[in-house]
file data-v2.cif (mmCIF, C-alpha atoms and all ligand atoms)
data_query
#
loop_
_atom_site.label_atom_id
_atom_site.label_comp_id
_atom_site.auth_asym_id
_atom_site.auth_seq_id
_atom_site.Cartn_x
_atom_site.Cartn_y
_atom_site.Cartn_z
CA MET A 1 107.68 121.98 171.07
CA LEU A 2 109.64 118.77 171.33
CA THR A 3 110.83 118.33 167.77
CA GLY A 4 114.57 118.51 167.32
CA LEU A 5 115.17 119.66 170.86
CA VAL A 6 117.58 117.93 173.12
CA ARG A 7 115.68 117.69 176.32
CA ASP A 8 117.44 118.85 179.46
CA CYS A 9 117.70 115.60 181.30
CA LYS A 10 120.02 116.94 183.98
CA LYS A 11 116.87 118.30 185.59
CA ALA A 12 115.50 114.79 185.86
CA ASP A 13 118.85 113.36 186.86
CA PRO A 14 121.09 115.82 188.68
CA VAL A 15 123.90 113.30 189.16
CA SER A 16 125.82 114.20 186.05
CA ASP A 17 128.49 111.51 186.21
CA ARG A 18 126.05 108.60 185.97
CA PRO A 19 126.23 106.39 182.90
CA THR A 20 123.46 107.55 180.64
CA PHE A 21 120.81 105.83 178.56
CA TRP A 22 120.01 107.66 175.35
CA VAL A 23 116.41 107.31 174.17
CA LEU A 24 115.95 108.33 170.55
CA ASN A 25 112.47 108.83 169.15
CA GLY A 26 111.66 109.20 165.47
CA PRO A 27 109.02 110.92 163.37
CA ASN A 28 105.52 111.69 164.59
CA LEU A 29 106.21 110.48 168.11
CA ASN A 30 105.99 114.12 169.22
CA MET A 31 102.27 113.78 168.39
CA LEU A 32 101.63 111.03 170.94
CA GLY A 33 98.55 111.72 173.01
CA THR A 34 96.54 112.91 170.04
CA ARG A 35 97.98 110.69 167.29
CA GLU A 36 95.75 107.65 166.61
CA PRO A 37 94.99 107.06 170.30
CA ALA A 38 93.33 103.74 169.50
CA VAL A 39 96.74 102.52 168.31
CA TYR A 40 99.19 104.49 170.45
CA GLY A 41 97.18 105.37 173.56
CA ARG A 42 96.72 108.73 175.27
CA GLU A 43 100.16 108.98 176.85
CA THR A 44 102.26 111.89 175.59
CA LEU A 45 105.98 111.78 174.88
CA ASP A 46 106.48 113.98 177.94
CA ASP A 47 104.68 111.36 180.05
CA ILE A 48 106.99 108.68 178.64
CA GLU A 49 110.07 110.79 179.28
CA ARG A 50 109.04 111.27 182.91
CA ALA A 51 108.54 107.52 183.36
CA CYS A 52 111.91 106.84 181.73
CA GLY A 53 113.63 109.40 183.96
CA ALA A 54 112.19 107.75 187.06
CA ALA A 55 113.14 104.24 185.91
CA ALA A 56 116.67 105.22 184.88
CA GLY A 57 117.24 107.20 188.08
CA ALA A 58 116.00 104.34 190.26
CA ALA A 59 118.49 102.03 188.53
CA GLY A 60 121.36 104.49 188.93
CA PHE A 61 121.52 105.73 185.35
CA GLY A 62 121.05 109.11 183.73
CA LEU A 63 118.74 109.77 180.82
CA ASP A 64 119.06 111.69 177.58
CA PHE A 65 115.68 111.63 175.85
CA ARG A 66 115.27 113.08 172.33
CA GLN A 67 112.80 113.20 169.46
CA SER A 68 113.23 114.26 165.87
CA ASN A 69 111.15 114.07 162.72
CA GLY A 70 114.33 114.15 160.65
CA GLU A 71 116.21 111.04 159.55
CA GLY A 72 119.52 112.95 159.31
CA GLU A 73 119.16 114.33 162.81
CA LEU A 74 118.53 110.86 164.21
CA VAL A 75 121.60 109.55 162.37
CA GLY A 76 123.65 112.40 163.86
CA TRP A 77 122.44 111.57 167.34
CA VAL A 78 123.35 107.90 166.94
CA GLN A 79 126.84 109.01 165.91
CA GLN A 80 127.05 111.28 168.97
CA ALA A 81 125.94 108.42 171.20
CA ARG A 82 129.27 106.72 170.44
CA GLY A 83 131.36 107.18 173.52
CA ALA A 84 128.61 109.10 175.30
CA ALA A 85 125.81 106.59 175.88
CA ALA A 86 125.89 103.50 178.06
CA ALA A 87 123.12 102.09 175.86
CA VAL A 88 120.68 103.35 173.24
CA ILE A 89 116.94 102.77 173.21
CA VAL A 90 115.42 103.59 169.87
CA ASN A 91 111.90 103.95 168.60
CA ALA A 92 112.62 105.09 165.07
CA GLY A 93 108.93 105.30 164.15
CA ALA A 94 108.42 104.85 160.42
CA TYR A 95 112.19 105.05 159.76
CA THR A 96 112.38 101.64 161.44
CA HIS A 97 110.93 100.17 158.27
CA THR A 98 112.78 102.30 155.72
CA SER A 99 116.11 103.67 156.90
CA VAL A 100 119.33 102.04 155.74
CA ALA A 101 121.08 105.22 156.95
CA LEU A 102 119.89 104.62 160.50
CA HIS A 103 120.86 100.95 160.24
CA ASP A 104 124.37 101.93 159.15
CA ALA A 105 124.68 104.47 161.97
CA LEU A 106 123.57 101.91 164.57
CA ARG A 107 126.26 99.56 163.26
CA LEU A 108 128.83 102.05 164.58
CA LEU A 109 127.73 101.59 168.18
CA ASP A 110 129.59 99.30 170.55
CA VAL A 111 126.96 99.60 173.30
CA PRO A 112 123.66 97.69 173.54
CA VAL A 113 120.71 98.88 171.48
CA VAL A 114 117.11 98.09 172.39
CA GLU A 115 114.35 98.66 169.85
CA VAL A 116 111.01 99.80 171.24
CA HIS A 117 107.61 100.28 169.63
CA LEU A 118 104.46 101.32 171.41
CA SER A 119 102.26 99.20 169.17
CA ASN A 120 102.67 95.55 168.28
CA VAL A 121 104.04 96.15 164.80
CA PHE A 122 103.68 92.44 163.94
CA ALA A 123 99.91 92.60 164.41
CA ARG A 124 99.69 95.53 161.99
CA GLU A 125 100.25 96.10 158.27
CA PRO A 126 102.88 93.88 156.59
CA PHE A 127 105.10 96.89 155.79
CA ARG A 128 105.64 97.30 159.55
CA HIS A 129 106.92 93.73 159.95
CA HIS A 130 110.39 94.49 158.63
CA SER A 131 112.82 96.50 160.73
CA TYR A 132 116.24 97.86 159.78
CA VAL A 133 116.92 98.29 163.52
CA SER A 134 116.18 94.77 164.80
CA PRO A 135 119.32 93.06 163.40
CA LEU A 136 121.41 95.43 165.50
CA ALA A 137 119.33 95.25 168.65
CA LEU A 138 120.03 93.26 171.79
CA GLY A 139 116.27 92.99 172.14
CA VAL A 140 112.98 94.28 170.79
CA ILE A 141 109.99 95.36 172.90
CA CYS A 142 106.68 96.16 171.22
CA GLY A 143 103.01 96.29 172.08
CA PHE A 144 103.19 97.60 175.65
CA GLY A 145 102.69 101.29 174.90
CA GLY A 146 104.95 103.71 176.75
CA HIS A 147 105.69 101.07 179.39
CA GLY A 148 107.89 99.36 176.78
CA TYR A 149 110.48 102.11 177.26
CA VAL A 150 110.57 101.43 181.00
CA LEU A 151 110.92 97.70 180.36
CA ALA A 152 113.86 98.47 178.05
CA ILE A 153 115.54 100.60 180.73
CA GLU A 154 115.05 97.91 183.37
CA ALA A 155 116.42 95.20 181.08
CA LEU A 156 119.45 97.30 180.14
CA ALA A 157 120.11 98.25 183.76
CA ARG A 158 120.16 94.57 184.73
CA ARG A 159 122.39 93.72 181.80
CA LEU A 160 124.87 96.52 182.44
CA SER A 161 124.95 95.89 186.18
CA GLY A 162 125.85 92.29 185.41
CA ALA A 163 122.79 91.09 187.31
CA THR A 164 121.72 88.77 184.52
CA ALA A 165 123.40 87.11 181.60
CA ARG A 166 120.41 87.87 179.31
C1 LIG A 201 105.88 102.83 165.96
C2 LIG A 201 105.44 101.83 164.90
C3 LIG A 201 105.81 102.31 163.50
O1 LIG A 201 105.37 101.39 162.53
C4 LIG A 201 105.16 103.65 163.23
O2 LIG A 201 105.57 104.13 161.96
C5 LIG A 201 105.41 104.65 164.29
C6 LIG A 201 105.32 104.21 165.69
C7 LIG A 201 105.41 102.41 167.37
O3 LIG A 201 105.96 102.92 168.33
O4 LIG A 201 104.49 101.61 167.49
O5 LIG A 201 105.59 105.83 164.04
O6 LIG A 201 107.29 102.88 165.97
#

call {"tool": "encode", "arguments": {"input": "data-v2.cif", "output": "structure tokens", "more": "lines below"}}
Ligand code: DQA
result
Amino acid sequence: MLTGLVRDCKKADPVSDRPTFWVLNGPNLNMLGTREPAVYGRETLDDIERACGAAAGAAGFGLDFRQSNGEGELVGWVQQARGAAAAVIVNAGAYTHTSVALHDALRLLDVPVVEVHLSNVFAREPFRHHSYVSPLALGVICGFGGHGYVLAIEALARRLSGATAR
């Protein structure tokens, strides 16, 4: 059961003093694999976490990968990320389109935020076109399924290593 659990990422990344990317997943993303596969694919959140662990490790970063169905829990995690995360990757699920609380929490961060969506939200219903996360994000990646998370990690690793200006 993934919901609300902080996954033990030290197993995936035993080098504990590495700067760490926090990946925060919102509601219903624990159902990936069986949830609307025509929209979200067959990959599970565990599959995505494994891919993220490999990508972060290869770039020299640790990974803290979490999922919650609760808006308050996600807000709490964003607050905890202050001073703990080198960067935050967030797929807030439906809260992307509704949560002023999450927006306000993300405003507290002084590290880069990347917004990820598995689906291309702009090719879907109009209510998915607005995001409370995007104004606070360095970049937004959507439409590439679980690979979008890996792209976010690679982009952040380049940015934080100073390998590219953008
Ligand atoms: C999503 C897109 C959201 O609109 C939706 O509510 C989700 C998943 C995505 O990853 O494509 O739960 O964030």

call {"tool": "atom_distance", "arguments": {"input": "data-v2.cif", "atom1": "atom CA of A:Ala157", "atom2": "atom CA of A:Val23"}}
result
13.7 Å

call {"tool": "atom_distance", "arguments": {"input": "data-v2.cif", "atom1": "atom CA of A:Gly53", "atom2": "atom CA of A:Gly70"}}
result
23.8 Å

call {"tool": "residues_near_ligand", "arguments": {"input": "data-v2.cif", "ligand": "ligand LIG 201 (chain A)", "cutoff": "6 Å", "atoms": "all atoms listed in the file", "output": "list of chain:residue names"}}
result
A:Asn28, A:Asn91, A:Ala92, A:Gly93, A:Ala94, A:His117, A:Leu118, A:Ser119, A:Val121, A:Arg128

call {"tool": "write_last_selection", "arguments": {"input": "data-v2.cif", "atoms": "C-alpha atoms", "output": "compact mmCIF listing (two decimals), in the frame of the given file"}}
result
# COMPACT_ATOMS: atom_id res chain seq x y z
CA ASN A 28 105.52 111.69 164.59
CA ASN A 91 111.90 103.95 168.60
CA ALA A 92 112.62 105.09 165.07
CA GLY A 93 108.93 105.30 164.15
CA ALA A 94 108.42 104.85 160.42
CA HIS A 117 107.61 100.28 169.63
CA LEU A 118 104.46 101.32 171.41
CA SER A 119 102.26 99.20 169.17
CA VAL A 121 104.04 96.15 164.80
CA ARG A 128 105.64 97.30 159.55

call {"tool": "closest_residue", "arguments": {"input": "data-v2.cif", "among": "A:Thr98, A:Glu73, A:Arg42, A:Ala86", "to": "A:Ser131", "atoms": "all atoms listed in the file"}}
result
A:Thr98

call {"tool": "closest_residue", "arguments": {"input": "data-v2.cif", "among": "A:Gln80, A:Arg159, A:Arg124, A:His129", "to": "A:Pro112", "atoms": "all atoms listed in the file"}}
result
A:Arg159

call {"tool": "closest_residue", "arguments": {"input": "data-v2.cif", "among": "A:Ala85, A:Leu102, A:Val150, A:Leu156", "to": "A:Asp47", "atoms": "only C-alpha atoms"}}
result
A:Val150

call {"tool": "residues_around", "arguments": {"input": "data-v2.cif", "residues": "A:Phe144", "least_positions_apart": "2", "cutoff": "10 Å", "atoms": "all atoms listed in the file", "output": "VMD selection string"}}
result
chain A and resid 40 116 to 120 141 to 142 146 to 151

call {"tool": "closest_residue", "arguments": {"input": "data-v2.cif", "among": "A:Ala123, A:Leu160, A:Val133, A:Leu45", "to": "A:Tyr95", "atoms": "only C-alpha atoms"}}
result
A:Val133

call {"tool": "residues_near_point", "arguments": {"input": "data-v2.cif", "point": "(113.2, 104.1, 185.6)", "cutoff": "12 Å", "atoms": "all atoms listed in the file", "output": "count of residues only"}}
result
32

call {"tool": "residues_around", "arguments": {"input": "data-v2.cif", "residues": "A:Val75", "least_positions_apart": "6", "cutoff": "9 Å", "atoms": "all atoms listed in the file", "output": "PDB file with C-alpha atoms, keeping the file's coordinate frame"}}
result
ATOM      1  CA  ALA A 101     121.080 105.220 156.950  1.00  0.00           C
ATOM      2  CA  LEU A 102     119.890 104.620 160.500  1.00  0.00           C
ATOM      3  CA  HIS A 103     120.860 100.950 160.240  1.00  0.00           C
ATOM      4  CA  ASP A 104     124.370 101.930 159.150  1.00  0.00           C
ATOM      5  CA  ALA A 105     124.680 104.470 161.970  1.00  0.00           C
ATOM      6  CA  LEU A 106     123.570 101.910 164.570  1.00  0.00           C
TER       7      LEU A 106
END

call {"tool": "atom_distance", "arguments": {"input": "data-v2.cif", "atom1": "atom CA of A:Gly143", "atom2": "atom CA of A:Val90"}}
result
14.6 Å

call {"tool": "closest_residue", "arguments": {"input": "data-v2.cif", "among": "A:Gln79, A:Gly145, A:Leu24, A:Pro19", "to": "A:Val114", "atoms": "all atoms listed in the file"}}
result
A:Leu24

call {"tool": "closest_residue", "arguments": {"input": "data-v2.cif", "among": "A:Leu136, A:Ile89, A:Leu32, A:Leu108", "to": "A:Phe65", "atoms": "all atoms listed in the file"}}
result
A:Ile89

call {"tool": "residues_around", "arguments": {"input": "data-v2.cif", "residues": "A:Thr44", "least_positions_apart": "5", "cutoff": "8 Å", "atoms": "all atoms listed in the file", "output": "ChimeraX atom specification"}}
result
/A:30-33
